[in-house]
file final_33.cif (mmCIF, C-alpha atoms and all ligand atoms)
data_start
#
loop_
_atom_site.label_atom_id
_atom_site.label_comp_id
_atom_site.auth_asym_id
_atom_site.auth_seq_id
_atom_site.Cartn_x
_atom_site.Cartn_y
_atom_site.Cartn_z
CA MET A 228 49.31 116.59 104.89
CA LYS A 229 50.56 113.18 103.89
CA ARG A 230 53.12 113.74 101.18
CA ASN A 231 56.77 113.77 102.17
CA VAL A 232 58.35 117.13 101.42
CA LEU A 233 61.84 115.64 101.19
CA SER A 234 63.52 114.46 98.02
CA ALA A 235 63.99 110.72 97.59
CA LEU A 236 67.59 111.17 98.76
CA GLY A 237 66.57 113.37 101.69
CA ALA A 238 64.01 110.85 102.84
CA ARG A 239 66.24 107.83 102.27
CA THR A 240 69.43 109.04 103.96
CA GLN A 241 69.90 107.44 107.37
CA PRO A 242 71.73 109.22 110.18
CA PRO A 243 75.39 108.15 110.01
CA PRO A 244 76.43 105.83 112.87
CA ILE A 245 79.43 108.09 113.45
CA SER A 246 77.12 110.90 114.71
CA TRP A 247 75.43 108.54 117.11
CA LEU A 248 78.75 107.16 118.43
CA MET A 249 80.13 110.68 118.92
CA GLN A 250 76.97 111.79 120.67
CA LEU A 251 77.22 108.81 123.00
CA ALA A 252 80.81 109.71 123.88
CA LEU A 253 79.89 113.37 124.49
CA SER A 254 76.91 112.58 126.67
CA ARG A 255 78.93 110.36 129.04
CA PRO A 256 81.94 112.25 130.33
CA ARG A 257 83.34 109.19 132.15
CA LEU A 258 83.23 107.05 129.04
CA ILE A 259 86.56 105.98 127.51
CA SER A 260 86.03 106.07 123.78
CA LEU A 261 88.16 103.69 121.76
CA ALA A 262 85.67 104.25 118.95
CA ALA A 263 86.55 107.60 117.41
CA GLY A 264 88.78 107.82 114.35
CA PHE A 265 90.13 111.11 115.70
CA THR A 266 93.85 111.73 115.72
CA ASP A 267 95.96 112.38 118.81
CA ASN A 268 95.16 115.81 120.30
CA GLU A 269 98.65 116.37 121.67
CA SER A 270 100.16 115.67 118.26
CA LEU A 271 98.25 118.50 116.60
CA PRO A 272 100.72 121.09 115.25
CA VAL A 273 99.39 124.17 117.05
CA ARG A 274 102.64 126.16 117.27
CA GLU A 275 103.71 125.17 113.79
CA VAL A 276 100.39 126.29 112.30
CA GLN A 277 100.62 129.58 114.18
CA LYS A 278 104.00 130.25 112.53
CA LEU A 279 102.80 129.15 109.12
CA LEU A 280 99.79 131.46 109.34
CA GLU A 281 102.11 134.31 110.26
CA ARG A 282 104.09 133.63 107.09
CA ILE A 283 100.88 133.72 105.06
CA LEU A 284 99.64 136.92 106.65
CA VAL A 285 103.04 138.60 106.72
CA SER A 286 102.18 141.11 104.02
CA ARG A 287 99.02 142.74 102.78
CA SER A 288 99.26 141.16 99.30
CA LYS A 289 100.00 137.63 100.54
CA GLY A 290 97.22 137.90 103.11
CA GLU A 291 94.73 139.18 100.54
CA SER A 292 95.32 136.26 98.25
CA ALA A 293 94.83 133.78 101.11
CA LEU A 294 91.67 135.45 102.36
CA GLN A 295 90.04 135.70 98.92
CA TYR A 296 88.07 132.98 97.11
CA GLY A 297 90.26 130.62 95.14
CA SER A 298 89.49 128.36 92.21
CA THR A 299 87.24 125.30 92.17
CA GLN A 300 90.11 122.99 91.25
CA GLY A 301 92.34 124.24 94.05
CA ASP A 302 95.54 126.17 94.63
CA PRO A 303 98.04 125.45 91.79
CA ALA A 304 101.04 125.46 94.14
CA LEU A 305 99.40 122.96 96.49
CA ARG A 306 98.40 120.73 93.57
CA ARG A 307 101.94 120.78 92.20
CA LEU A 308 103.54 120.01 95.59
CA THR A 309 101.03 117.26 96.32
CA ALA A 310 101.35 115.68 92.89
CA ASP A 311 105.18 115.74 93.12
CA TYR A 312 105.01 114.22 96.57
CA LEU A 313 102.76 111.39 95.36
CA HIS A 314 105.04 110.81 92.41
CA GLN A 315 108.00 110.52 94.78
CA LEU A 316 106.13 108.16 97.13
CA ASP A 317 105.36 105.92 94.16
CA ARG A 318 109.06 105.92 93.28
CA ASN A 319 108.74 108.06 90.17
CA PRO A 320 107.48 105.71 87.49
CA LYS A 321 107.46 107.48 84.11
CA SER A 322 103.85 108.46 83.96
CA SER A 323 101.50 111.33 83.35
CA ASN A 324 99.25 110.03 86.14
CA TYR A 325 100.85 112.47 88.57
CA ALA A 326 100.18 115.63 86.57
CA PRO A 327 98.89 118.43 88.86
CA ASP A 328 96.23 119.29 86.31
CA ARG A 329 94.55 115.92 86.99
CA MET A 330 94.18 116.86 90.66
CA ILE A 331 91.26 118.50 92.47
CA ILE A 332 91.60 119.74 96.04
CA SER A 333 88.59 118.91 98.23
CA ASN A 334 87.17 119.48 101.70
CA GLY A 335 88.76 116.43 103.21
CA SER A 336 89.00 113.25 101.20
CA GLN A 337 85.45 112.59 102.38
CA GLN A 338 84.14 115.21 99.98
CA MET A 339 86.18 113.66 97.17
CA LEU A 340 84.65 110.24 97.89
CA TYR A 341 81.20 111.78 97.81
CA LEU A 342 81.82 113.74 94.61
CA VAL A 343 83.27 110.74 92.81
CA THR A 344 80.35 108.54 93.82
CA GLU A 345 77.90 111.25 92.83
CA ALA A 346 79.58 111.68 89.44
CA LEU A 347 79.74 107.95 88.79
CA CYS A 348 76.71 106.23 90.29
CA ASP A 349 72.98 106.43 89.82
CA THR A 350 70.46 104.82 92.15
CA GLY A 351 70.59 101.07 91.61
CA ASP A 352 74.24 101.01 90.50
CA ILE A 353 76.71 98.76 92.30
CA VAL A 354 80.07 99.40 93.97
CA LEU A 355 82.24 96.44 94.98
CA LEU A 356 84.14 96.94 98.20
CA GLU A 357 86.11 95.32 100.97
CA ASP A 358 84.21 93.30 103.51
CA PRO A 359 84.46 95.03 106.02
CA THR A 360 85.05 98.63 104.91
CA TYR A 361 85.05 102.29 106.01
CA PHE A 362 81.54 102.68 107.38
CA VAL A 363 81.18 106.36 106.48
CA TYR A 364 81.59 105.42 102.82
CA LEU A 365 78.75 102.94 103.28
CA GLY A 366 76.66 105.93 104.37
CA ILE A 367 77.34 107.66 101.04
CA LEU A 368 76.20 104.57 99.14
CA GLN A 369 73.10 104.14 101.29
CA SER A 370 72.14 107.77 100.87
CA ARG A 371 72.54 107.66 97.10
CA GLY A 372 70.69 104.36 96.74
CA VAL A 373 73.79 102.59 95.43
CA GLU A 374 74.12 98.87 96.14
CA ALA A 375 77.25 97.23 97.47
CA ARG A 376 78.82 93.78 97.20
CA GLY A 377 81.43 92.83 99.78
CA ILE A 378 84.64 91.05 98.82
CA ARG A 379 86.48 89.09 101.52
CA MET A 380 89.82 90.35 102.75
CA GLU A 381 93.07 88.48 103.11
CA ARG A 382 96.24 89.54 104.87
CA ASP A 383 97.36 91.50 101.78
CA GLY A 384 94.02 92.85 100.60
CA LEU A 385 91.09 91.67 98.50
CA ASN A 386 90.53 88.02 97.77
CA ILE A 387 90.97 88.28 93.99
CA GLU A 388 89.30 84.93 93.29
CA GLN A 389 86.16 86.10 95.06
CA LEU A 390 86.29 89.42 93.22
CA GLU A 391 86.30 87.43 90.00
CA SER A 392 83.46 85.16 91.03
CA VAL A 393 81.32 88.16 92.05
CA LEU A 394 82.00 89.82 88.67
CA GLN A 395 81.20 86.55 86.95
CA SER A 396 77.90 86.07 88.73
CA LEU A 397 76.90 89.70 88.08
CA LYS A 398 77.69 89.11 84.43
CA LYS A 399 75.50 86.02 84.40
CA THR A 400 72.53 87.85 85.87
CA GLY A 401 72.99 90.78 83.46
CA ASP A 402 73.91 93.13 86.33
CA LEU A 403 77.48 93.90 85.33
CA ARG A 404 76.35 97.08 83.60
CA ARG A 405 75.36 98.36 87.06
CA VAL A 406 78.92 97.93 88.41
CA LYS A 407 80.78 101.25 88.33
CA ALA A 408 83.73 100.85 90.68
CA VAL A 409 85.69 98.92 93.25
CA TYR A 410 86.39 100.92 96.40
CA LEU A 411 89.54 100.08 98.38
CA VAL A 412 90.93 101.58 101.58
CA SER A 413 94.37 100.44 100.66
CA TYR A 414 96.65 101.50 103.54
CA PHE A 415 96.11 100.34 107.15
CA GLN A 416 92.52 99.92 106.26
CA ASN A 417 89.82 101.40 108.40
CA PRO A 418 88.76 99.15 110.12
CA THR A 419 91.03 96.07 109.78
CA ALA A 420 94.52 97.71 109.54
CA ILE A 421 95.21 95.59 106.43
CA THR A 422 97.36 97.11 103.67
CA THR A 423 96.66 96.04 100.09
CA SER A 424 99.77 94.85 98.28
CA PHE A 425 100.75 96.46 94.99
CA ARG A 426 100.41 93.02 93.37
CA LYS A 427 96.75 92.87 94.41
CA LYS A 428 96.07 96.34 93.05
CA GLN A 429 97.54 95.20 89.74
CA ALA A 430 95.49 92.00 89.78
CA ALA A 431 92.25 93.85 90.58
CA LEU A 432 92.82 96.36 87.78
CA GLU A 433 93.57 93.61 85.25
CA LEU A 434 90.43 91.78 86.25
CA LEU A 435 88.23 94.88 86.00
CA ARG A 436 89.58 95.60 82.54
CA ARG A 437 88.57 92.08 81.43
CA TYR A 438 84.97 92.61 82.53
CA GLU A 439 84.57 96.05 81.00
CA ARG A 440 83.44 94.83 77.62
CA ALA A 441 80.54 92.96 79.22
CA ALA A 442 79.78 95.97 81.45
CA GLY A 443 79.72 98.26 78.44
CA HIS A 444 81.75 100.97 80.22
CA PRO A 445 84.94 101.45 82.26
CA ILE A 446 84.98 100.07 85.82
CA PHE A 447 87.11 102.30 88.05
CA LEU A 448 89.26 101.52 91.05
CA ILE A 449 88.76 104.10 93.80
CA GLU A 450 91.84 104.00 95.99
CA ASP A 451 91.22 105.69 99.35
CA ALA A 452 94.69 106.29 100.76
CA ALA A 453 93.64 108.22 103.87
CA TYR A 454 96.12 106.49 106.18
CA ARG A 455 99.04 106.05 103.78
CA GLU A 456 101.44 108.32 105.62
CA LEU A 457 100.63 107.00 109.06
CA ARG A 458 103.02 104.07 108.59
CA PHE A 459 105.26 103.39 111.55
CA ARG A 460 106.76 100.03 110.44
CA GLY A 461 107.97 98.68 107.11
CA ASP A 462 108.08 100.22 103.65
CA ASP A 463 105.42 102.08 101.72
CA GLU A 464 103.48 100.16 99.06
CA ARG A 465 103.08 101.90 95.73
CA SER A 466 99.63 103.19 94.89
CA ALA A 467 97.43 101.96 92.05
CA LEU A 468 98.50 105.07 90.10
CA ALA A 469 101.83 103.28 89.58
CA VAL A 470 100.21 100.27 87.88
CA ARG A 471 101.38 100.48 84.30
CA GLY A 472 98.69 101.44 81.80
CA ALA A 473 96.01 101.79 84.47
CA GLY A 474 96.00 105.54 85.11
CA ASP A 475 92.79 105.99 83.14
CA ARG A 476 91.00 103.68 85.56
CA VAL A 477 92.35 104.82 88.95
CA ILE A 478 90.82 107.45 91.19
CA TYR A 479 93.22 108.22 94.03
CA ALA A 480 91.77 110.01 97.09
CA GLY A 481 94.25 111.38 99.62
CA THR A 482 94.16 113.73 102.57
CA TYR A 483 96.16 116.05 104.80
CA SER A 484 93.68 115.52 107.66
CA LYS A 485 95.19 112.41 109.16
CA PRO A 486 98.90 113.09 108.64
CA PHE A 487 98.84 116.79 109.56
CA ALA A 488 95.76 118.25 111.23
CA THR A 489 92.29 116.75 111.09
CA GLY A 490 90.71 120.18 111.60
CA THR A 491 92.06 121.52 108.30
CA ARG A 492 90.15 118.95 106.20
CA VAL A 493 92.23 119.50 103.10
CA GLY A 494 91.98 116.47 100.85
CA PHE A 495 92.52 115.78 97.17
CA GLY A 496 91.76 113.46 94.29
CA MET A 497 93.72 112.38 91.21
CA LEU A 498 91.12 111.79 88.55
CA PRO A 499 91.03 110.36 85.05
CA GLU A 500 88.60 111.62 82.43
CA PRO A 501 85.65 111.73 82.17
CA LEU A 502 85.52 111.89 85.95
CA PHE A 503 87.84 114.85 86.32
CA ARG A 504 85.53 117.14 84.36
CA ALA A 505 82.36 115.85 86.02
CA VAL A 506 83.76 116.11 89.56
CA LEU A 507 85.07 119.61 88.88
CA SER A 508 81.67 120.76 87.66
CA ILE A 509 79.84 119.17 90.58
CA LYS A 510 82.30 120.64 93.07
CA GLY A 511 81.59 124.00 91.46
CA ASN A 512 77.98 123.52 92.49
CA HIS A 513 78.88 122.24 95.97
CA ASP A 514 81.25 124.99 97.07
CA PHE A 515 83.28 126.37 94.10
CA GLY A 516 86.48 125.64 95.95
CA THR A 517 88.00 124.47 99.21
CA SER A 518 89.07 127.10 101.76
CA ASN A 519 91.89 129.08 100.20
CA LEU A 520 93.43 129.94 103.56
CA LEU A 521 93.70 126.31 104.58
CA GLN A 522 95.12 125.32 101.21
CA GLN A 523 97.79 127.98 101.57
CA LEU A 524 98.52 126.70 105.04
CA MET A 525 99.19 123.23 103.61
CA THR A 526 101.27 124.75 100.81
CA GLN A 527 103.44 126.49 103.40
CA ALA A 528 103.73 123.32 105.50
CA LEU A 529 104.95 121.40 102.45
CA GLN A 530 107.28 124.13 101.21
CA THR A 531 109.00 124.45 104.55
CA SER A 532 110.06 121.21 106.25
CA GLN A 533 107.21 121.50 108.75
CA TYR A 534 105.13 118.81 107.13
CA GLN A 535 107.84 116.15 107.04
CA ASP A 536 109.05 117.06 110.55
CA HIS A 537 105.55 116.75 111.85
CA LEU A 538 105.07 113.37 110.14
CA ARG A 539 108.18 111.95 111.79
CA GLY A 540 106.93 112.95 115.24
CA MET A 541 103.45 111.66 114.50
CA ARG A 542 104.75 108.26 113.41
CA ARG A 543 106.83 107.88 116.56
CA ARG A 544 103.85 108.80 118.65
CA TYR A 545 101.47 106.33 116.98
CA ALA A 546 104.07 103.59 117.05
CA ARG A 547 104.27 104.04 120.82
CA LYS A 548 100.51 104.15 121.30
CA ALA A 549 99.98 101.08 119.11
CA GLY A 550 102.62 99.32 121.21
CA VAL A 551 100.79 100.24 124.40
CA MET A 552 97.52 98.94 122.98
CA SER A 553 99.13 95.74 121.74
CA GLN A 554 100.70 95.01 125.10
CA ILE A 555 97.54 95.62 127.10
CA LEU A 556 95.50 93.56 124.62
CA GLN A 557 97.86 90.65 125.18
CA GLU A 558 97.65 91.05 128.92
CA THR A 559 93.91 91.47 129.28
CA PHE A 560 92.00 90.06 126.29
CA PRO A 561 90.91 86.41 126.50
CA PRO A 562 93.21 84.08 124.52
CA ASP A 563 90.57 83.17 121.93
CA VAL A 564 90.31 86.75 120.66
CA GLU A 565 92.47 87.43 117.57
CA TRP A 566 93.78 90.63 116.05
CA ILE A 567 96.31 91.88 113.53
CA GLU A 568 99.25 93.97 114.74
CA PRO A 569 98.99 97.19 112.68
CA ASP A 570 102.03 98.64 110.90
CA GLY A 571 100.36 102.02 110.72
CA GLY A 572 97.01 103.79 110.88
CA LEU A 573 94.92 104.16 113.99
CA TYR A 574 93.15 100.84 114.56
CA PHE A 575 93.16 97.33 115.91
CA TRP A 576 90.49 94.96 114.64
CA ALA A 577 89.63 92.26 117.16
CA LYS A 578 87.87 89.03 116.17
CA LEU A 579 85.96 87.43 119.01
CA PRO A 580 84.89 83.80 119.09
CA LYS A 581 82.07 83.48 116.52
CA HIS A 582 79.28 82.96 119.02
CA ILE A 583 80.01 86.22 120.89
CA ARG A 584 77.94 88.92 119.26
CA CYS A 585 79.09 92.48 119.77
CA GLY A 586 76.78 94.60 117.57
CA THR A 587 74.95 97.66 118.85
CA ALA A 588 72.00 95.54 120.04
CA SER A 589 74.18 92.95 121.78
CA ALA A 590 74.48 92.29 125.51
CA LEU A 591 78.23 92.77 125.13
CA PHE A 592 77.90 96.29 123.72
CA LYS A 593 75.59 97.18 126.61
CA SER A 594 77.98 95.68 129.18
CA ALA A 595 80.85 97.64 127.66
CA LEU A 596 78.82 100.85 127.96
CA ALA A 597 77.92 99.97 131.55
CA SER A 598 81.69 99.66 132.13
CA GLU A 599 82.13 103.07 130.47
CA VAL A 600 84.04 101.94 127.42
CA LEU A 601 83.05 102.35 123.76
CA TYR A 602 84.21 100.50 120.65
CA VAL A 603 82.95 100.44 117.05
CA PRO A 604 80.85 97.31 116.52
CA GLY A 605 82.25 95.57 113.46
CA GLU A 606 78.80 94.96 111.97
CA LEU A 607 78.61 98.68 111.10
CA CYS A 608 81.51 98.17 108.70
CA TYR A 609 79.70 95.56 106.62
CA ALA A 610 77.68 96.74 103.63
CA ASP A 611 74.03 95.78 103.14
CA ASP A 612 74.95 93.06 100.68
CA PRO A 613 71.94 90.84 99.93
CA THR A 614 74.21 87.93 98.94
CA ARG A 615 75.67 87.25 102.40
CA LYS A 616 74.98 87.66 106.12
CA LYS A 617 76.76 90.37 108.11
CA VAL A 618 79.47 89.30 110.52
CA ASN A 619 78.74 90.31 114.09
CA HIS A 620 81.65 89.21 116.27
CA GLU A 621 84.32 91.81 115.48
CA MET A 622 85.18 95.21 116.91
CA ARG A 623 87.32 98.17 115.93
CA ILE A 624 89.31 99.77 118.70
CA SER A 625 91.35 102.87 118.09
CA PHE A 626 94.56 104.12 119.71
CA GLY A 627 94.33 107.42 117.82
CA ASN A 628 92.69 109.84 120.20
CA ALA A 629 92.71 108.17 123.64
CA SER A 630 95.64 108.92 125.95
CA GLU A 631 98.00 106.05 126.83
CA LYS A 632 96.39 105.90 130.27
CA ASP A 633 92.92 105.64 128.74
CA ILE A 634 94.08 103.04 126.23
CA ARG A 635 95.29 100.85 129.10
CA GLU A 636 92.18 101.38 131.19
CA GLY A 637 89.74 101.12 128.25
CA VAL A 638 91.23 97.88 126.95
CA ARG A 639 91.36 96.45 130.48
CA ARG A 640 87.64 97.20 130.92
CA LEU A 641 86.83 95.67 127.53
CA GLY A 642 88.92 92.61 128.39
CA SER A 643 86.90 92.03 131.58
CA VAL A 644 83.60 92.45 129.72
CA LEU A 645 84.77 89.97 127.10
CA ALA A 646 86.02 87.45 129.62
CA ARG A 647 82.64 87.55 131.39
CA ALA A 648 80.77 87.12 128.09
CA ILE A 649 82.90 84.17 127.03
CA LYS A 650 82.62 82.49 130.43
CA ALA A 651 78.84 82.93 130.47
CA ARG A 652 78.44 80.82 127.28
C1 LIG B 701 89.19 105.44 105.26
C2 LIG B 701 88.89 106.88 105.36
N1 LIG B 701 88.75 107.60 104.26
C3 LIG B 701 88.48 108.90 104.28
C4 LIG B 701 88.33 109.56 105.49
C5 LIG B 701 87.96 111.03 105.44
O1 LIG B 701 88.93 111.83 106.01
P1 LIG B 701 89.07 113.39 105.66
O2 LIG B 701 87.79 113.81 105.03
O3 LIG B 701 89.32 114.06 106.93
O4 LIG B 701 90.20 113.48 104.69
C6 LIG B 701 88.46 108.87 106.69
C7 LIG B 701 88.26 109.54 107.98
O5 LIG B 701 88.22 108.95 109.02
C8 LIG B 701 88.75 107.48 106.63
O6 LIG B 701 88.88 106.74 107.72
#

call {"tool": "encode", "arguments": {"input": "final_33.cif", "output": "structure tokens", "more": "lines below"}}
Ligand SMILES: Cc1ncc(COP(=O)(O)O)c(C=O)c1O
result
Amino acid sequence: MKRNVLSALGARTQPPPISWLMQLALSRPRLISLAAGFTDNESLPVREVQKLLERILVSRSKGESALQYGSTQGDPALRRLTADYLHQLDRNPKSSNYAPDRMIISNGSQQMLYLVTEALCDTGDIVLLEDPTYFVYLGILQSRGVEARGIRMERDGLNIEQLESVLQSLKKTGDLRRVKAVYLVSYFQNPTAITTSFRKKQAALELLRRYERAAGHPIFLIEDAAYRELRFRGDDERSALAVRGAGDRVIYAGTYSKPFATGTRVGFGMLPEPLFRAVLSIKGNHDFGTSNLLQQLMTQALQTSQYQDHLRGMRRRYARKAGVMSQILQETFPPDVEWIEPDGGLYFWAKLPKHIRCGTASALFKSALASEVLYVPGELCYADDPTRKKVNHEMRISFGNASEKDIREGVRRLGSVLARAIKAR
């Protein structure tokens, strides 16, 4: 039999690099993985969750409601608490953008990103995104046959001039109608640790609005704020929801995975119409609702002070681990490697001299594996954008999951591998 039984999407979808990287780490017990985006195991709130679950299961009626199906949109109490919290973080601008009835709770923010893309994009549509970006999102686009165009990053986010010139050239070629959204990982970006300034969010939204007439439809800004609360230095930037008059164009995806417990996978989206309705209907088909028990757990964590207490501890912990990584990078990485000191999140993004390739097929990646250390090759974070070549001399290294001892040892090993590679040229 010759014909493929799979759907076009089933046949097209490539295995995500994350599965391969995780498999590699699991199959080599001596390997130090600085690749995973996992959070710190010791920071996970085991005792706190035990107590919160006891509160939920304290009586028959409370327990029944937690162990029953909920609604597709999500627990009303959790939506209200989350919306109020977002409103507070954004310093309470007068706005209906934070109304709980615009919010949908999802299985991690990952599901929200998938649902939004599914509701918005057909095969052949285009999403503009940061160059580099969150590689798992690239997997969603690849799977759905959506094209991407990368926009260069500066210290405070997107290069707005380049965003404009990409929009302009798409307009010229008649392709603007295929552009549905700009996707930004706006806080301590995965992978570069860059935070987008509020000014740049405003500028991007203004620009998109100007090109809408030529596109023939709204162009949305998808703000992925997965790392927002993992700030350990400086002040929070307001989200795009706070940009005046732009609420009808902003999709805000947030999560309780990173700041509380990755295993709970409770995420959420703030959605304008017509996306809200479409995403709600599609989610109904996916799962008709995120786990009620886990939503009630998050509701309890927010209602008591557990959530905020936990965040404070988490920030201290990541500040220390980032400090350890920074110090060992300075001690052991060759002087011509550059990186940005993160103010939050889980990552350092190291730029090697241009001629040192570090992709999965490179000699350097193999030498690192032979030295039992794993990083995320930066090339995985660049979209398949036909208008430019992928960069192949950057790496993402994470201080999230590795212990301080492993951070020191892993970076030291990588430093030696790098020094050898640079010397050999
Ligand atoms: C940028 C970014 N967005 C979204 C997610 C998805 O996280 P979750 O589905 O656990 O909320 C991640 C996870 O690593 C991420 O790095």

call {"tool": "closest_atom_pairs", "arguments": {"input": "final_33.cif", "of": "chain A", "to": "ligand LIG 701 (chain B)", "cutoff": "9 Å", "atoms": "all atoms listed in the file", "output": "Markdown table"}}
result
| residue | atom | partner | partner_atom | distance |
| --- | --- | --- | --- | --- |
| A:Ala263 | CA | B:LIG701 | O5 | 8.7 |
| A:Gly264 | CA | B:LIG701 | O5 | 5.5 |
| A:Phe265 | CA | B:LIG701 | O5 | 7.3 |
| A:Ser333 | CA | B:LIG701 | O2 | 8.5 |
| A:Asn334 | CA | B:LIG701 | O2 | 6.6 |
| A:Gly335 | CA | B:LIG701 | O2 | 3.3 |
| A:Ser336 | CA | B:LIG701 | O4 | 3.7 |
| A:Gln337 | CA | B:LIG701 | O2 | 3.7 |
| A:Gln338 | CA | B:LIG701 | O2 | 6.4 |
| A:Met339 | CA | B:LIG701 | O2 | 8.0 |
| A:Leu340 | CA | B:LIG701 | C3 | 7.6 |
| A:Thr360 | CA | B:LIG701 | C1 | 8.0 |
| A:Tyr361 | CA | B:LIG701 | C1 | 5.3 |
| A:Phe362 | CA | B:LIG701 | O6 | 8.4 |
| A:Val363 | CA | B:LIG701 | C8 | 7.7 |
| A:Tyr364 | CA | B:LIG701 | N1 | 7.6 |
| A:Leu411 | CA | B:LIG701 | C1 | 8.7 |
| A:Val412 | CA | B:LIG701 | C1 | 5.6 |
| A:Ser413 | CA | B:LIG701 | C1 | 8.5 |
| A:Tyr414 | CA | B:LIG701 | C1 | 8.6 |
| A:Phe415 | CA | B:LIG701 | C1 | 8.8 |
| A:Gln416 | CA | B:LIG701 | C1 | 6.5 |
| A:Asn417 | CA | B:LIG701 | C1 | 5.2 |
| A:Pro418 | CA | B:LIG701 | C1 | 8.0 |
| A:Asp451 | CA | B:LIG701 | N1 | 5.8 |
| A:Ala452 | CA | B:LIG701 | N1 | 7.0 |
| A:Ala453 | CA | B:LIG701 | N1 | 4.9 |
| A:Tyr454 | CA | B:LIG701 | C1 | 7.1 |
| A:Ala480 | CA | B:LIG701 | C3 | 8.0 |
| A:Gly481 | CA | B:LIG701 | O4 | 6.8 |
| A:Thr482 | CA | B:LIG701 | O4 | 4.5 |
| A:Tyr483 | CA | B:LIG701 | O4 | 6.5 |
| A:Ser484 | CA | B:LIG701 | O3 | 4.7 |
| A:Lys485 | CA | B:LIG701 | O3 | 6.5 |
| A:Ala488 | CA | B:LIG701 | O3 | 8.8 |
| A:Thr489 | CA | B:LIG701 | O3 | 5.8 |
| A:Gly490 | CA | B:LIG701 | O3 | 7.8 |
| A:Thr491 | CA | B:LIG701 | O3 | 8.1 |
| A:Arg492 | CA | B:LIG701 | O3 | 5.0 |
| A:Val493 | CA | B:LIG701 | O4 | 6.5 |
| A:Gly494 | CA | B:LIG701 | O4 | 5.2 |
| A:Phe495 | CA | B:LIG701 | O4 | 8.2 |

call {"tool": "closest_residue", "arguments": {"input": "final_33.cif", "among": "A:Ile332, A:Ala469, A:Leu502, A:Ile283", "to": "Gly297 in chain A", "atoms": "all atoms listed in the file"}}
result
A:Ile332

call {"tool": "residues_around", "arguments": {"input": "final_33.cif", "residues": "Arg371 in chain A", "least_positions_apart": "2", "cutoff": "10 Å", "atoms": "only C-alpha atoms", "output": "list of chain:residue names"}}
result
A:Ala235, A:Leu236, A:Gly237, A:Arg239, A:Thr240, A:Tyr341, A:Thr344, A:Glu345, A:Cys348, A:Asp349, A:Thr350, A:Gly351, A:Asp352, A:Leu365, A:Gly366, A:Ile367, A:Leu368, A:Gln369, A:Val373, A:Glu374

call {"tool": "closest_residue", "arguments": {"input": "final_33.cif", "among": "A:Lys278, A:Arg623, A:Arg426, A:Lys510", "to": "Ala577 in chain A", "atoms": "all atoms listed in the file"}}
result
A:Arg623

call {"tool": "residues_around", "arguments": {"input": "final_33.cif", "residues": "Met525 in chain A", "least_positions_apart": "3", "cutoff": "9 Å", "atoms": "only C-alpha atoms", "output": "JSON list (two decimals) with C-alpha atoms, keeping the file's coordinate frame"}}
result
[["chain", "number", "residue", "atom", "x", "y", "z"],
["A", 279, "LEU", "CA", 102.80, 129.15, 109.12],
["A", 305, "LEU", "CA", 99.40, 122.96, 96.49],
["A", 483, "TYR", "CA", 96.16, 116.05, 104.80],
["A", 487, "PHE", "CA", 98.84, 116.79, 109.56],
["A", 491, "THR", "CA", 92.06, 121.52, 108.30],
["A", 493, "VAL", "CA", 92.23, 119.50, 103.10],
["A", 520, "LEU", "CA", 93.43, 129.94, 103.56],
["A", 521, "LEU", "CA", 93.70, 126.31, 104.58],
["A", 522, "GLN", "CA", 95.12, 125.32, 101.21],
["A", 528, "ALA", "CA", 103.73, 123.32, 105.50],
["A", 529, "LEU", "CA", 104.95, 121.40, 102.45],
["A", 530, "GLN", "CA", 107.28, 124.13, 101.21],
["A", 534, "TYR", "CA", 105.13, 118.81, 107.13]]

call {"tool": "closest_residue", "arguments": {"input": "final_33.cif", "among": "A:Glu439, A:Asp267, A:Glu281, A:Asp612", "to": "Arg542 in chain A", "atoms": "only C-alpha atoms"}}
result
A:Asp267

call {"tool": "closest_residue", "arguments": {"input": "final_33.cif", "among": "A:Leu316, A:Ser270, A:Val506, A:Val477", "to": "Arg543 in chain A", "atoms": "only C-alpha atoms"}}
result
A:Ser270

call {"tool": "residues_around", "arguments": {"input": "final_33.cif", "residues": "Phe447 in chain A", "least_positions_apart": "3", "cutoff": "8 Å", "atoms": "only C-alpha atoms", "output": "PDB file with C-alpha atoms, in the frame of the given file"}}
result
ATOM      1  CA  LYS A 407      80.780 101.250  88.330  1.00  0.00           C
ATOM      2  CA  ALA A 408      83.730 100.850  90.680  1.00  0.00           C
ATOM      3  CA  VAL A 409      85.690  98.920  93.250  1.00  0.00           C
ATOM      4  CA  LEU A 435      88.230  94.880  86.000  1.00  0.00           C
ATOM      5  CA  ARG A 476      91.000 103.680  85.560  1.00  0.00           C
ATOM      6  CA  VAL A 477      92.350 104.820  88.950  1.00  0.00           C
ATOM      7  CA  ILE A 478      90.820 107.450  91.190  1.00  0.00           C
TER       8      ILE A 478
END

call {"tool": "atom_distance", "arguments": {"input": "final_33.cif", "atom1": "CA of Pro499 in chain A", "atom2": "CA of Gln389 in chain A"}}
result
26.7 Å

call {"tool": "atom_distance", "arguments": {"input": "final_33.cif", "atom1": "CA of Ala597 in chain A", "atom2": "CA of Leu645 in chain A"}}
result
12.9 Å

call {"tool": "residues_near_point", "arguments": {"input": "final_33.cif", "point": "(79.9, 110.2, 113.4)", "cutoff": "10 Å", "atoms": "all atoms listed in the file", "output": "compact mmCIF listing (two decimals) with C-alpha atoms, in the frame of the given file"}}
result
# COMPACT_ATOMS: atom_id res chain seq x y z
CA PRO A 242 71.73 109.22 110.18
CA PRO A 243 75.39 108.15 110.01
CA PRO A 244 76.43 105.83 112.87
CA ILE A 245 79.43 108.09 113.45
CA SER A 246 77.12 110.90 114.71
CA TRP A 247 75.43 108.54 117.11
CA LEU A 248 78.75 107.16 118.43
CA MET A 249 80.13 110.68 118.92
CA GLN A 250 76.97 111.79 120.67
CA ALA A 262 85.67 104.25 118.95
CA ALA A 263 86.55 107.60 117.41
CA GLY A 264 88.78 107.82 114.35
CA PHE A 362 81.54 102.68 107.38
CA VAL A 363 81.18 106.36 106.48
